[in-house]
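Structure file work.cif; described as mmCIF, C-alpha atoms.
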data_target
loop_
_atom_site.group_PDB
_atom_site.id
_atom_site.type_symbol
_atom_site.label_atom_id
_atom_site.label_comp_id
_atom_site.auth_asym_id
_atom_site.auth_seq_id
_atom_site.Cartn_x
_atom_site.Cartn_y
_atom_site.Cartn_z
ATOM 1 C CA MET A 1 -15.544 -13.150 14.888
ATOM 2 C CA LYS A 2 -16.609 -9.776 16.267
ATOM 3 C CA ASN A 3 -17.100 -8.353 12.784
ATOM 4 C CA TYR A 4 -18.967 -11.444 11.621
ATOM 5 C CA LEU A 5 -21.381 -11.199 14.567
ATOM 6 C CA LEU A 6 -21.925 -7.458 14.143
ATOM 7 C CA GLN A 7 -22.771 -7.966 10.477
ATOM 8 C CA TYR A 8 -25.012 -10.949 11.262
ATOM 9 C CA ILE A 9 -26.928 -8.990 13.909
ATOM 10 C CA LYS A 10 -27.303 -5.946 11.649
ATOM 11 C CA LYS A 11 -28.682 -8.089 8.830
ATOM 12 C CA ASN A 12 -30.932 -10.374 10.862
ATOM 13 C CA ALA A 13 -32.203 -8.182 13.715
ATOM 14 C CA LYS A 14 -34.822 -6.749 11.339
ATOM 15 C CA LYS A 15 -36.571 -10.120 11.467
ATOM 16 C CA TRP A 16 -36.312 -10.516 15.272
ATOM 17 C CA LYS A 17 -39.358 -9.932 17.513
ATOM 18 C CA SER A 18 -37.652 -7.093 19.418
ATOM 19 C CA LYS A 19 -35.098 -4.660 18.080
ATOM 20 C CA PRO A 20 -31.936 -4.808 20.164
ATOM 21 C CA GLU A 21 -29.433 -2.136 21.112
ATOM 22 C CA VAL A 22 -25.930 -3.259 20.125
ATOM 23 C CA ILE A 23 -23.117 -1.936 22.311
ATOM 24 C CA HIS A 24 -19.465 -2.335 21.374
ATOM 25 C CA GLY A 25 -16.334 -0.286 20.952
ATOM 26 C CA GLU A 26 -12.877 0.243 22.406
ATOM 27 C CA ALA A 27 -14.150 0.267 26.006
ATOM 28 C CA PHE A 28 -15.340 -3.300 25.430
ATOM 29 C CA GLN A 29 -12.317 -4.416 23.374
ATOM 30 C CA ASP A 30 -13.549 -7.272 21.118
ATOM 31 C CA CYS A 31 -16.680 -8.021 23.148
ATOM 32 C CA ILE A 32 -20.274 -7.266 22.113
ATOM 33 C CA ILE A 33 -23.311 -6.507 24.297
ATOM 34 C CA VAL A 34 -26.781 -6.949 22.739
ATOM 35 C CA LYS A 35 -29.635 -5.571 24.848
ATOM 36 C CA PHE A 36 -33.350 -6.286 24.413
ATOM 37 C CA GLY A 37 -36.212 -4.516 26.227
ATOM 38 C CA LYS A 38 -36.062 -4.413 30.035
ATOM 39 C CA PRO A 39 -33.470 -7.056 30.836
ATOM 40 C CA ARG A 40 -33.318 -9.201 33.994
ATOM 41 C CA THR A 41 -30.926 -11.913 32.807
ATOM 42 C CA VAL A 42 -27.727 -11.936 30.752
ATOM 43 C CA ILE A 43 -26.486 -14.756 28.511
ATOM 44 C CA PHE A 44 -22.704 -15.094 28.191
ATOM 45 C CA ALA A 45 -21.315 -16.872 25.098
ATOM 46 C CA HIS A 46 -17.572 -16.740 24.591
ATOM 47 C CA MET A 47 -15.926 -16.230 21.195
ATOM 48 C CA ASP A 48 -12.554 -17.862 21.843
ATOM 49 C CA THR A 49 -10.830 -20.252 19.482
ATOM 50 C CA VAL A 50 -8.382 -22.751 20.945
ATOM 51 C CA GLY A 51 -5.348 -23.321 18.742
ATOM 52 C CA PHE A 52 -1.715 -22.305 18.576
ATOM 53 C CA THR A 53 0.588 -19.295 18.302
ATOM 54 C CA VAL A 54 3.754 -19.558 16.208
ATOM 55 C CA ARG A 55 6.798 -19.112 18.476
ATOM 56 C CA TYR A 56 10.366 -19.214 17.163
ATOM 57 C CA PHE A 57 11.588 -21.464 14.341
ATOM 58 C CA ASN A 58 8.783 -24.023 13.836
ATOM 59 C CA GLN A 59 7.654 -24.087 17.448
ATOM 60 C CA LEU A 60 4.012 -23.666 18.484
ATOM 61 C CA LEU A 61 2.533 -22.572 21.796
ATOM 62 C CA PRO A 62 -1.021 -23.532 22.728
ATOM 63 C CA VAL A 63 -3.836 -20.996 22.935
ATOM 64 C CA GLY A 64 -6.101 -22.457 25.604
ATOM 65 C CA SER A 65 -5.863 -26.248 25.698
ATOM 66 C CA PRO A 66 -6.015 -27.707 22.179
ATOM 67 C CA ASP A 67 -6.097 -31.505 21.990
ATOM 68 C CA ALA A 68 -5.011 -32.726 18.561
ATOM 69 C CA GLU A 69 -3.123 -35.599 17.004
ATOM 70 C CA PRO A 70 0.029 -35.199 14.894
ATOM 71 C CA GLY A 71 -0.927 -34.536 11.284
ATOM 72 C CA THR A 72 -3.883 -32.311 12.211
ATOM 73 C CA LYS A 73 -4.346 -29.566 9.617
ATOM 74 C CA LEU A 74 -3.903 -26.039 10.965
ATOM 75 C CA VAL A 75 -4.812 -22.872 9.100
ATOM 76 C CA GLY A 76 -3.999 -19.195 9.456
ATOM 77 C CA ARG A 77 -2.564 -16.224 7.633
ATOM 78 C CA ASP A 78 0.567 -14.094 7.889
ATOM 79 C CA SER A 79 1.856 -11.221 5.718
ATOM 80 C CA LEU A 80 3.083 -13.718 3.109
ATOM 81 C CA GLY A 81 -0.382 -15.215 2.637
ATOM 82 C CA ALA A 82 -2.683 -18.044 3.601
ATOM 83 C CA ILE A 83 -1.288 -20.964 5.581
ATOM 84 C CA GLU A 84 -2.349 -24.586 5.748
ATOM 85 C CA CYS A 85 0.186 -26.596 7.707
ATOM 86 C CA GLU A 86 0.412 -29.793 9.736
ATOM 87 C CA LEU A 87 0.788 -30.225 13.474
ATOM 88 C CA GLU A 88 3.743 -32.233 14.741
ATOM 89 C CA LEU A 89 4.307 -33.334 18.360
ATOM 90 C CA ASP A 90 7.530 -34.608 19.954
ATOM 91 C CA LYS A 91 7.771 -37.196 22.727
ATOM 92 C CA GLU A 92 7.351 -34.509 25.384
ATOM 93 C CA HIS A 93 4.237 -33.267 23.571
ATOM 94 C CA HIS A 94 5.862 -30.025 22.420
ATOM 95 C CA ALA A 95 4.041 -28.756 19.334
ATOM 96 C CA PHE A 96 5.605 -27.803 15.978
ATOM 97 C CA TYR A 97 4.346 -26.977 12.523
ATOM 98 C CA LYS A 98 5.334 -28.550 9.214
ATOM 99 C CA PHE A 99 5.037 -26.107 6.315
ATOM 100 C CA GLY A 100 6.915 -25.202 3.136
ATOM 101 C CA ARG A 101 8.190 -21.878 4.491
ATOM 102 C CA PRO A 102 8.753 -20.215 7.874
ATOM 103 C CA ILE A 103 5.616 -18.725 9.402
ATOM 104 C CA GLU A 104 5.902 -15.289 10.988
ATOM 105 C CA ARG A 105 6.285 -15.112 14.754
ATOM 106 C CA GLY A 106 3.032 -14.591 16.625
ATOM 107 C CA THR A 107 0.818 -15.929 13.839
ATOM 108 C CA PRO A 108 -2.283 -17.614 15.271
ATOM 109 C CA LEU A 109 -3.203 -21.023 13.846
ATOM 110 C CA SER A 110 -6.490 -22.843 14.310
ATOM 111 C CA TYR A 111 -7.933 -26.195 13.234
ATOM 112 C CA LYS A 112 -9.007 -26.578 9.610
ATOM 113 C CA ILE A 113 -12.772 -27.092 9.736
ATOM 114 C CA ASN A 114 -14.297 -30.391 8.654
ATOM 115 C CA PHE A 115 -18.022 -29.854 9.288
ATOM 116 C CA ARG A 116 -20.098 -33.047 9.330
ATOM 117 C CA GLU A 117 -23.856 -33.268 9.787
ATOM 118 C CA SER A 118 -25.721 -36.549 10.172
ATOM 119 C CA LYS A 119 -29.272 -37.374 11.257
ATOM 120 C CA HIS A 120 -28.422 -37.224 14.944
ATOM 121 C CA TYR A 121 -25.058 -35.484 15.273
ATOM 122 C CA ILE A 122 -23.012 -32.442 14.333
ATOM 123 C CA GLN A 123 -19.249 -32.959 14.328
ATOM 124 C CA THR A 124 -16.644 -30.260 13.748
ATOM 125 C CA ALA A 125 -13.975 -28.270 15.524
ATOM 126 C CA TYR A 126 -15.087 -25.373 17.697
ATOM 127 C CA LEU A 127 -18.582 -26.419 18.731
ATOM 128 C CA ASP A 128 -17.124 -25.107 22.030
ATOM 129 C CA ASP A 129 -18.223 -22.408 21.892
ATOM 130 C CA ARG A 130 -19.614 -21.577 18.454
ATOM 131 C CA LEU A 131 -22.642 -23.642 19.419
ATOM 132 C CA GLY A 132 -23.051 -21.437 22.498
ATOM 133 C CA ILE A 133 -22.997 -18.428 20.157
ATOM 134 C CA TYR A 134 -25.457 -20.176 17.815
ATOM 135 C CA ASN A 135 -27.769 -20.796 20.779
ATOM 136 C CA ALA A 136 -27.630 -17.117 21.763
ATOM 137 C CA LEU A 137 -28.396 -16.001 18.187
ATOM 138 C CA LYS A 138 -31.373 -18.368 17.971
ATOM 139 C CA VAL A 139 -32.700 -17.170 21.357
ATOM 140 C CA ALA A 140 -32.292 -13.578 20.107
ATOM 141 C CA GLU A 141 -34.897 -14.204 17.397
ATOM 142 C CA SER A 142 -37.737 -14.204 19.930
ATOM 143 C CA LEU A 143 -36.146 -12.474 22.923
ATOM 144 C CA LYS A 144 -38.188 -9.649 24.467
ATOM 145 C CA ASP A 145 -36.202 -8.760 27.577
ATOM 146 C CA GLY A 146 -32.596 -9.748 28.154
ATOM 147 C CA VAL A 147 -28.952 -9.172 27.341
ATOM 148 C CA ILE A 148 -26.614 -11.325 25.275
ATOM 149 C CA ILE A 149 -22.881 -10.860 25.721
ATOM 150 C CA PHE A 150 -20.252 -12.261 23.394
ATOM 151 C CA SER A 151 -17.139 -12.411 25.572
ATOM 152 C CA CYS A 152 -13.394 -13.028 25.113
ATOM 153 C CA TRP A 153 -10.545 -14.923 26.783
ATOM 154 C CA GLU A 154 -12.603 -17.682 28.411
ATOM 155 C CA GLU A 155 -10.189 -20.344 27.129
ATOM 156 C CA HIS A 156 -7.036 -18.689 28.401
ATOM 157 C CA GLY A 157 -7.475 -17.155 31.796
ATOM 158 C CA GLY A 158 -10.388 -14.764 31.316
ATOM 159 C CA GLY A 159 -10.364 -11.027 31.819
ATOM 160 C CA SER A 160 -13.340 -9.554 29.972
ATOM 161 C CA VAL A 161 -16.168 -10.838 32.178
ATOM 162 C CA PRO A 162 -15.422 -8.542 35.157
ATOM 163 C CA TYR A 163 -15.898 -5.308 33.198
ATOM 164 C CA LEU A 164 -18.819 -6.708 31.196
ATOM 165 C CA ALA A 165 -20.530 -7.819 34.414
ATOM 166 C CA GLU A 166 -19.952 -4.430 36.004
ATOM 167 C CA TYR A 167 -21.469 -2.699 32.966
ATOM 168 C CA VAL A 168 -24.724 -4.703 32.906
ATOM 169 C CA TYR A 169 -24.999 -4.644 36.705
ATOM 170 C CA ARG A 170 -24.635 -0.864 36.943
ATOM 171 C CA LYS A 171 -26.538 0.004 33.772
ATOM 172 C CA TRP A 172 -29.567 -2.296 34.109
ATOM 173 C CA ASN A 173 -29.170 -3.812 37.599
ATOM 174 C CA ILE A 174 -28.859 -7.316 36.103
ATOM 175 C CA ARG A 175 -27.819 -9.992 38.616
ATOM 176 C CA GLN A 176 -28.780 -13.220 36.826
ATOM 177 C CA ALA A 177 -26.546 -14.909 34.266
ATOM 178 C CA LEU A 178 -26.698 -18.012 32.085
ATOM 179 C CA ILE A 179 -23.487 -19.409 30.637
ATOM 180 C CA SER A 180 -24.167 -20.552 27.060
ATOM 181 C CA ASP A 181 -21.251 -22.908 26.617
ATOM 182 C CA ILE A 182 -20.517 -26.544 25.818
ATOM 183 C CA THR A 183 -19.656 -29.178 28.415
ATOM 184 C CA TRP A 184 -18.489 -32.793 28.340
ATOM 185 C CA VAL A 185 -20.095 -36.144 27.715
ATOM 186 C CA SER A 186 -18.949 -38.147 30.744
ATOM 187 C CA ASP A 187 -19.769 -41.245 32.796
ATOM 188 C CA GLY A 188 -22.871 -39.422 34.009
ATOM 189 C CA VAL A 189 -23.796 -37.233 31.035
ATOM 190 C CA ALA A 190 -24.756 -38.853 27.721
ATOM 191 C CA HIS A 191 -25.368 -37.788 24.138
ATOM 192 C CA GLY A 192 -29.023 -37.263 23.281
ATOM 193 C CA LYS A 193 -30.448 -37.099 26.806
ATOM 194 C CA GLY A 194 -30.991 -33.340 26.791
ATOM 195 C CA VAL A 195 -29.314 -30.078 27.674
ATOM 196 C CA VAL A 196 -26.995 -30.087 30.694
ATOM 197 C CA ILE A 197 -27.727 -27.975 33.744
ATOM 198 C CA SER A 198 -24.448 -27.904 35.645
ATOM 199 C CA LEU A 199 -24.767 -28.087 39.432
ATOM 200 C CA ARG A 200 -21.051 -27.415 39.736
ATOM 201 C CA ASP A 201 -17.673 -27.640 38.081
ATOM 202 C CA LYS A 202 -14.555 -26.240 39.757
ATOM 203 C CA ASN A 203 -16.871 -23.427 40.807
ATOM 204 C CA ILE A 204 -20.129 -23.929 42.683
ATOM 205 C CA PRO A 205 -23.035 -21.631 41.740
ATOM 206 C CA ARG A 206 -25.711 -20.591 44.232
ATOM 207 C CA LYS A 207 -27.991 -23.573 44.827
ATOM 208 C CA SER A 208 -31.219 -21.595 45.034
ATOM 209 C CA PHE A 209 -30.594 -20.164 41.536
ATOM 210 C CA VAL A 210 -29.743 -23.550 40.028
ATOM 211 C CA ASP A 211 -32.855 -25.020 41.685
ATOM 212 C CA LYS A 212 -34.966 -22.338 39.954
ATOM 213 C CA ILE A 213 -33.519 -23.342 36.578
ATOM 214 C CA VAL A 214 -34.203 -27.032 37.196
ATOM 215 C CA ALA A 215 -37.782 -26.195 38.252
ATOM 216 C CA ILE A 216 -38.337 -24.217 35.030
ATOM 217 C CA ALA A 217 -37.012 -27.126 32.938
ATOM 218 C CA GLU A 218 -39.335 -29.507 34.810
ATOM 219 C CA LYS A 219 -42.351 -27.217 34.467
ATOM 220 C CA ASN A 220 -41.797 -26.860 30.723
ATOM 221 C CA LYS A 221 -41.049 -30.592 30.300
ATOM 222 C CA ILE A 222 -37.739 -30.014 28.585
ATOM 223 C CA ASP A 223 -35.283 -32.922 28.654
ATOM 224 C CA TYR A 224 -32.253 -32.078 30.766
ATOM 225 C CA GLN A 225 -29.329 -33.750 32.519
ATOM 226 C CA LEU A 226 -27.692 -32.670 35.754
ATOM 227 C CA GLU A 227 -23.921 -32.379 35.727
ATOM 228 C CA VAL A 228 -21.674 -32.606 38.781
ATOM 229 C CA GLU A 229 -17.979 -32.091 38.058
ATOM 230 C CA GLY A 230 -14.953 -31.232 40.175
ATOM 231 C CA SER A 231 -12.943 -29.547 37.441
ATOM 232 C CA GLY A 232 -13.502 -27.318 34.457
ATOM 233 C CA SER A 233 -14.565 -23.713 34.505
ATOM 234 C CA SER A 234 -16.392 -21.125 32.435
ATOM 235 C CA ASP A 235 -17.318 -17.459 32.322
ATOM 236 C CA GLY A 236 -19.428 -18.375 35.382
ATOM 237 C CA GLY A 237 -16.301 -18.788 37.500
ATOM 238 C CA GLU A 238 -15.200 -15.298 36.556
ATOM 239 C CA LEU A 239 -18.633 -13.900 37.384
ATOM 240 C CA GLN A 240 -18.483 -15.503 40.816
ATOM 241 C CA ARG A 241 -15.248 -13.679 41.558
ATOM 242 C CA THR A 242 -16.565 -10.245 40.589
ATOM 243 C CA PRO A 243 -17.591 -7.942 43.461
ATOM 244 C CA PHE A 244 -21.173 -7.991 42.122
ATOM 245 C CA SER A 245 -23.868 -10.314 43.471
ATOM 246 C CA PHE A 246 -24.424 -12.350 40.309
ATOM 247 C CA ASP A 247 -26.304 -15.617 40.335
ATOM 248 C CA TRP A 248 -25.119 -17.750 37.444
ATOM 249 C CA CYS A 249 -25.546 -21.221 35.994
ATOM 250 C CA PHE A 250 -23.869 -23.110 33.157
ATOM 251 C CA VAL A 251 -26.540 -24.453 30.799
ATOM 252 C CA GLY A 252 -25.313 -26.125 27.609
ATOM 253 C CA ALA A 253 -25.177 -29.182 25.378
ATOM 254 C CA PRO A 254 -22.578 -31.874 26.137
ATOM 255 C CA GLU A 255 -19.910 -32.827 23.606
ATOM 256 C CA GLU A 256 -17.452 -35.603 22.963
ATOM 257 C CA GLY A 257 -13.884 -34.724 21.956
ATOM 258 C CA ALA A 258 -13.588 -31.359 23.705
ATOM 259 C CA HIS A 259 -10.991 -29.061 22.115
ATOM 260 C CA THR A 260 -10.194 -31.581 19.374
ATOM 261 C CA PRO A 261 -10.866 -30.984 15.645
ATOM 262 C CA ASP A 262 -13.753 -33.470 15.972
ATOM 263 C CA GLU A 263 -16.067 -32.184 18.702
ATOM 264 C CA LYS A 264 -19.408 -34.006 18.505
ATOM 265 C CA VAL A 265 -22.849 -32.939 19.791
ATOM 266 C CA HIS A 266 -26.253 -34.653 19.519
ATOM 267 C CA MET A 267 -29.052 -32.740 17.759
ATOM 268 C CA HIS A 268 -31.509 -33.341 20.617
ATOM 269 C CA ASP A 269 -29.124 -31.662 23.031
ATOM 270 C CA ILE A 270 -28.933 -28.585 20.765
ATOM 271 C CA GLU A 271 -32.717 -28.551 20.428
ATOM 272 C CA THR A 272 -33.304 -28.719 24.187
ATOM 273 C CA MET A 273 -30.567 -26.154 24.872
ATOM 274 C CA ILE A 274 -32.344 -23.562 22.723
ATOM 275 C CA ALA A 275 -35.771 -24.499 24.124
ATOM 276 C CA LEU A 276 -34.586 -24.183 27.719
ATOM 277 C CA TYR A 277 -32.901 -20.818 27.124
ATOM 278 C CA GLU A 278 -36.082 -19.474 25.532
ATOM 279 C CA VAL A 279 -38.169 -20.268 28.612
ATOM 280 C CA LEU A 280 -35.455 -19.270 31.086
ATOM 281 C CA MET A 281 -35.170 -15.812 29.548
ATOM 282 C CA LYS A 282 -38.942 -15.411 29.956
ATOM 283 C CA GLU A 283 -39.402 -16.916 33.391
ATOM 284 C CA LEU A 284 -36.280 -16.030 35.362
ATOM 285 C CA MET B 1 -54.365 -35.568 33.165
ATOM 286 C CA ALA B 2 -50.630 -35.248 32.778
ATOM 287 C CA LYS B 3 -49.477 -32.928 30.055
ATOM 288 C CA SER B 4 -47.568 -34.459 27.207
ATOM 289 C CA PRO B 5 -43.962 -33.300 26.841
ATOM 290 C CA LYS B 6 -43.607 -29.921 25.193
ATOM 291 C CA LYS B 7 -43.327 -30.330 21.448
ATOM 292 C CA ILE B 8 -40.440 -28.338 20.115
ATOM 293 C CA SER B 9 -40.176 -27.573 16.448
ATOM 294 C CA PHE B 10 -36.513 -27.756 15.639
ATOM 295 C CA GLU B 11 -34.548 -27.335 12.503
ATOM 296 C CA LEU B 12 -30.824 -26.802 12.755
ATOM 297 C CA ASP B 13 -29.514 -23.893 10.707
ATOM 298 C CA ALA B 14 -26.463 -25.861 9.672
ATOM 299 C CA ASP B 15 -25.232 -23.106 7.335
ATOM 300 C CA LEU B 16 -25.085 -20.604 10.197
ATOM 301 C CA LEU B 17 -23.388 -23.038 12.567
ATOM 302 C CA LYS B 18 -20.847 -24.003 9.884
ATOM 303 C CA GLN B 19 -20.075 -20.353 9.203
ATOM 304 C CA LEU B 20 -19.619 -19.668 12.912
ATOM 305 C CA CYS B 21 -17.170 -22.584 13.146
ATOM 306 C CA GLU B 22 -15.264 -21.424 10.086
ATOM 307 C CA VAL B 23 -14.853 -17.800 11.142
ATOM 308 C CA GLN B 24 -11.351 -17.359 12.440
ATOM 309 C CA GLY B 25 -10.589 -14.868 15.156
ATOM 310 C CA THR B 26 -9.692 -11.472 13.813
ATOM 311 C CA SER B 27 -7.416 -10.676 16.728
ATOM 312 C CA GLY B 28 -5.341 -12.515 19.275
ATOM 313 C CA HIS B 29 -7.952 -11.698 21.874
ATOM 314 C CA GLU B 30 -10.664 -13.673 20.147
ATOM 315 C CA LEU B 31 -8.404 -16.421 18.979
#
Show the structure stored in the file as structure tokens.
Amino acid sequence: MKNYLLQYIKKNAKKWKSKPEVIHGEAFQDCIIVKFGKPRTVIFAHMDTVGFTVRYFNQLLPVGSPDAEPGTKLVGRDSLGAIECELELDKEHHAFYKFGRPIERGTPLSYKINFRESKHYIQTAYLDDRLGIYNALKVAESLKDGVIIFSCWEEHGGGSVPYLAEYVYRKWNIRQALISDITWVSDGVAHGKGVVISLRDKNIPRKSFVDKIVAIAEKNKIDYQLEVEGSGSSDGGELQRTPFSFDWCFVGAPEEGAHTPDEKVHMHDIETMIALYEVLMKEL
Amino acid sequence: MAKSPKKISFELDADLLKQLCEVQGTSGHEL
């Protein structure tokens, strides 16, 4: 993913309104920082892929919290070659693979992609958070001042956000963050009603900052929905626990089927997500 | 007079989104 994004940025940044500085390397592990102009706000989009790691015999351990039915196609690669196997689950929900040969220990397996586009919806695995990355890349096309960070480990405990936050805070004095990630369709959040501005999940962001974001959405007449949840987390939760005074807010499209091979998002929610990020990066 | 809602021109770059979904992590960290 890192290499794909670096190549994409190198190829496409020529067409962007501002030329960014791309910062990466061993000190940032697999993360990427893309800086434009005189930044005030940082966008975080995580690069994680939920899936499985091959344990012993035909056992699988989850990476993050995959949610898949038996028979789901999983793909990967070990030293013997490409793998396309099937997921099996026992009564206790332990995961196993079914394949014609043993797969090497530690091999990561992810969902086989079945990308479907209709008039109103996109459906595929990994909209969480490839759509958050897509949003960041689209915002980059016209971004004058700001930072985009592609982060790691969001789906399994975190760990990269603290050093990334420290870097942008110390280097450019940035204290505002937007979390470009995908949330859930729920009893209060519907498909097609606009981008979600999350008032809280397990973590509660600073109200005055969230109020600013809502006011900007109102002023620009962009459809949005307010989310109030008691569980779930994001890179925002990690930011809140850093020793730096970051204001943050989760702003993203809602999806059905989180962490399944069939995540589903409405086109209007993608459209309003990008539109809101464009104005937020200008006005915050 | 009230302003009409902001008109957004939107075209999904489905090829890019599909590619992003298809790219597998290149290390355990990203996966």
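With distances taken over only C-alpha atoms, A:Lys35 is the one residue among A:Ser151, A:Tyr97, A:Lys35, A:Pro108 lying closest to A:Lys171.
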### Hits from the PyMOL selection byres ((chain A and resi 79) around 12), listed as an MDAnalysis selection string
chainID A and resid 76:78 80:83 102:107
Would you kindly return, as a tab-separated table (two decimals) with C-alpha atoms, in the coordinates of the input, each protein, DNA or RNA residue with an atom no farther than 8 Å from any atom of A:Pro261, considering all atoms listed in the file and excluding same-chain residues fewer than 5 positions away?
chain	number	residue	atom	x	y	z
A	67	ASP	CA	-6.10	-31.50	21.99
A	68	ALA	CA	-5.01	-32.73	18.56
A	72	THR	CA	-3.88	-32.31	12.21
A	111	TYR	CA	-7.93	-26.20	13.23
A	112	LYS	CA	-9.01	-26.58	9.61
A	113	ILE	CA	-12.77	-27.09	9.74
A	114	ASN	CA	-14.30	-30.39	8.65
A	124	THR	CA	-16.64	-30.26	13.75
A	125	ALA	CA	-13.98	-28.27	15.52
A	126	TYR	CA	-15.09	-25.37	17.70
Give one line per residue of chain A that approaches chain B to at most 7 Å, naming the two atoms of the closest pair and their distance in Å to one decimal, counting all atoms listed in the file; sort by chain then ascending residue number and deliver it as a tab-separated table.
residue	atom	partner	partner_atom	distance
A:Met1	CA	B:Gly25	CA	5.3
A:Met47	CA	B:Glu30	CA	5.9
A:Asp48	CA	B:Glu30	CA	4.9
A:Thr49	CA	B:Leu31	CA	4.6
A:Val50	CA	B:Leu31	CA	6.6
A:Ile113	CA	B:Glu22	CA	6.2
A:Phe115	CA	B:Lys18	CA	6.5
A:Ala125	CA	B:Cys21	CA	6.9
A:Tyr126	CA	B:Cys21	CA	5.7
A:Leu127	CA	B:Cys21	CA	6.9
A:Arg130	CA	B:Leu20	CA	5.9
A:Leu131	CA	B:Leu17	CA	6.9
A:Tyr134	CA	B:Leu17	CA	6.3
A:Cys152	CA	B:Glu30	CA	5.7
A:Trp153	CA	B:His29	CA	6.4
A:Asn220	CA	B:Lys6	CA	6.6
A:Lys221	CA	B:Pro5	CA	5.3
A:Ile222	CA	B:Lys6	CA	6.8
A:Glu271	CA	B:Phe10	CA	6.2
| query | Skipping near chain neighbours, those fewer than 2 positions away, what residues fall within 9 Å of stretch 155-170 of chain A using all atoms listed in the file, listed as number ranges by chain? | reply | A: 28-29, 31, 33, 42, 44, 46, 48-50, 63-65, 147, 149, 151-153, 172-175, 234-236, 238-239, 241-246
